[in-house]
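*Asks:* What follows is query_14.cif, mmCIF, C-alpha atoms.
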```
data_protein
#
loop_
_atom_site.label_atom_id
_atom_site.label_comp_id
_atom_site.auth_asym_id
_atom_site.auth_seq_id
_atom_site.Cartn_x
_atom_site.Cartn_y
_atom_site.Cartn_z
CA MET M 1 102.29 87.39 101.43
CA ALA M 2 102.55 83.60 101.49
CA VAL M 3 105.33 81.89 99.55
CA ARG M 4 103.00 80.21 97.09
CA ASP M 5 100.93 83.37 96.53
CA LEU M 6 103.99 85.49 95.72
CA TYR M 7 105.40 82.77 93.46
CA LEU M 8 102.11 82.61 91.55
CA GLU M 9 101.86 86.37 91.28
CA VAL M 10 105.40 86.74 89.91
CA SER M 11 105.05 83.85 87.45
CA GLU M 12 101.56 84.95 86.31
CA TYR M 13 102.77 88.48 85.66
CA PHE M 14 105.89 87.53 83.72
CA LYS M 15 104.35 84.79 81.59
CA GLN M 16 102.92 87.56 79.38
CA PHE M 17 106.48 88.02 78.08
CA GLY M 18 107.06 84.39 77.16
CA SER M 19 107.18 80.83 78.37
CA ILE M 20 108.72 80.53 81.84
CA LYS M 21 111.10 77.68 82.51
CA LYS M 22 111.52 78.41 86.23
CA CYS M 23 110.56 81.05 88.78
CA ASN M 24 112.40 81.35 92.09
CA VAL M 25 111.09 83.56 94.92
CA PRO M 26 113.47 83.11 97.88
CA PHE M 27 112.31 83.67 101.45
CA GLY M 28 114.51 84.20 104.49
CA GLU M 29 114.37 82.50 107.88
CA THR M 30 111.88 85.11 109.09
CA GLY M 31 109.40 84.05 106.40
CA PHE M 32 109.66 87.29 104.42
CA ASN M 33 110.69 87.54 100.79
CA LYS M 34 114.34 88.52 100.45
CA GLY M 35 113.36 91.35 98.11
CA TYR M 36 114.35 89.68 94.87
CA SER M 37 113.28 86.88 92.54
CA TRP M 38 114.59 85.09 89.47
CA VAL M 39 112.56 84.31 86.37
CA ILE M 40 114.12 81.98 83.81
CA PHE M 41 112.53 82.01 80.39
CA HIS M 42 112.78 79.45 77.62
CA SER M 43 114.08 82.09 75.22
CA GLN M 44 116.37 85.09 75.32
CA HIS M 45 113.76 86.97 73.26
CA SER M 46 111.45 86.97 76.30
CA VAL M 47 114.21 88.52 78.41
CA HIS M 48 114.63 91.33 75.87
CA LYS M 49 110.88 92.02 76.00
CA VAL M 50 110.97 92.25 79.81
CA LEU M 51 113.98 94.56 79.80
CA LYS M 52 112.27 97.04 77.44
CA GLU M 53 109.53 97.94 79.95
CA SER M 54 109.15 99.16 83.51
CA HIS M 55 107.28 96.87 85.90
CA THR M 56 105.21 97.25 89.08
CA LEU M 57 103.99 94.31 91.15
CA GLU M 58 101.97 94.54 94.37
CA GLY M 59 102.50 98.30 94.37
CA ALA M 60 106.29 97.95 94.23
CA GLN M 61 108.31 99.18 91.30
CA LEU M 62 110.68 96.44 90.16
CA LYS M 63 114.27 96.89 89.13
CA ILE M 64 114.90 94.37 86.37
CA LYS M 65 118.30 93.25 85.14
CA SER M 66 119.56 90.50 82.97
CA ALA M 67 120.84 87.68 85.16
CA PRO M 68 124.22 86.02 84.78
CA PHE M 69 122.77 82.82 83.40
CA GLN M 70 121.13 82.44 80.01
CA SER M 71 117.53 83.51 79.36
CA SER M 72 116.87 84.86 82.84
CA VAL M 73 116.16 88.10 84.63
CA LYS M 74 116.65 89.09 88.24
CA LEU M 75 113.89 91.16 89.80
CA ARG M 76 114.51 93.39 92.78
CA SER M 77 111.81 95.30 94.56
CA ILE M 78 112.70 99.00 94.71
CA LEU M 79 110.03 99.56 97.34
CA SER M 80 109.26 97.13 100.13
CA GLY M 81 105.94 96.11 98.60
CA MET M 82 107.10 92.58 97.81
CA ASP M 83 108.11 91.80 101.39
#
```
Kindly return the structure encoded in the file as structure tokens.

*Replies:*
Amino acid sequence: MAVRDLYLEVSEYFKQFGSIKKCNVPFGETGFNKGYSWVIFHSQHSVHKVLKESHTLEGAQLKIKSAPFQSSVKLRSILSGMD
């Protein structure tokens, strides 16, 4: 999936939980997603809403954890569906 398409898909999906300040979908030198993304919300409340549910995107179950910086979550694809 193209960089912009995956970025839009991740940000579109997670905006249902609150206003997104930043979304980062890193890609490696080979052009494939590294298997994780960061979503930074404007409020910690949005993070709590995300953490309460399970999530699937592009057929891949996501492992969600609170990130080390405020109001953000780190998403990791459990399956390779986000590659």

*Asks:* Residues picked by the PyMOL selection byres ((chain M and resi 17) around 10) here, as number ranges by chain?

*Replies:* M: 13-16, 18-20, 41, 45-50

*Asks:* Rank M:Lys74, M:Gly59, M:Pro26, M:Pro68 by their smallest atom-to-atom distance to Trp38 (chain M), using all atoms listed in the file, and report the top residue only.

*Replies:*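 Checking each candidate against Trp38 (chain M), we get M:Lys74 as the closest.
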
*Asks:* Any idea what's packed within 10 Å of Asn24 (chain M), counting all atoms listed in the file, ignoring anything in its chain fewer than 5 positions away? Could you give it as a PyMOL selection string?

*Replies:* chain M and resi 7+10-11+36-40+74

*Asks:* Quick one: residues within 10 Å of (100.0, 91.6, 92.2) (file frame), counting all atoms listed in the file, please, as a PyMOL selection string.

*Replies:* chain M and resi 5-6+8-10+12-13+56-60+81-82

*Asks:* Can I get the selected residues back with C-alpha atoms, as a PDB file, in the frame of the given file?

*Replies:*
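Contents of selection_1.pdb, freshly written:
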```pdb
ATOM      1  CA  ASP M   5     100.930  83.370  96.530  1.00  0.00           C
ATOM      2  CA  LEU M   6     103.990  85.490  95.720  1.00  0.00           C
ATOM      3  CA  LEU M   8     102.110  82.610  91.550  1.00  0.00           C
ATOM      4  CA  GLU M   9     101.860  86.370  91.280  1.00  0.00           C
ATOM      5  CA  VAL M  10     105.400  86.740  89.910  1.00  0.00           C
ATOM      6  CA  GLU M  12     101.560  84.950  86.310  1.00  0.00           C
ATOM      7  CA  TYR M  13     102.770  88.480  85.660  1.00  0.00           C
ATOM      8  CA  THR M  56     105.210  97.250  89.080  1.00  0.00           C
ATOM      9  CA  LEU M  57     103.990  94.310  91.150  1.00  0.00           C
ATOM     10  CA  GLU M  58     101.970  94.540  94.370  1.00  0.00           C
ATOM     11  CA  GLY M  59     102.500  98.300  94.370  1.00  0.00           C
ATOM     12  CA  ALA M  60     106.290  97.950  94.230  1.00  0.00           C
ATOM     13  CA  GLY M  81     105.940  96.110  98.600  1.00  0.00           C
ATOM     14  CA  MET M  82     107.100  92.580  97.810  1.00  0.00           C
TER      15      MET M  82
END
```

*Asks:* Rounded to one decimal in Å, what is the spacing between CA of Asn33 (chain M) and CA of Ala67 (chain M)?

*Replies:*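 Distance between the two atoms: 18.6 Å.
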
*Asks:* With all atoms of region 25-41 of chain M from the file as input, state the centre and edge lengths in Å to one decimal of the axis-aligned box that has 6 Å extra on each side, as AutoDock Vina command-line options.

*Replies:*
```
--center_x 112.0 --center_y 86.7 --center_z 94.7 --size_x 17.2 --size_y 21.4 --size_z 40.7
```

*Asks:* Residues within 9 Å of Ser54 (chain M), please, as an MDAnalysis selection string. Count all atoms listed in the file; anything in the same chain fewer than 5 positions from it doesn't count.

*Replies:* chainID M and resid 61:64

*Asks:* Export, as a JSON list (two decimals), in the frame of the given file, the selected residues with C-alpha atoms.

*Replies:*
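What landed in result22.json:
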```
[["chain", "number", "residue", "atom", "x", "y", "z"],
["M", 61, "GLN", "CA", 108.31, 99.18, 91.30],
["M", 62, "LEU", "CA", 110.68, 96.44, 90.16],
["M", 63, "LYS", "CA", 114.27, 96.89, 89.13],
["M", 64, "ILE", "CA", 114.90, 94.37, 86.37]]
```

*Asks:* Between CA of Ser66 (chain M) and CA of Thr30 (chain M), measure the distance and give it in Å to one decimal.

*Replies:* 27.8 Å
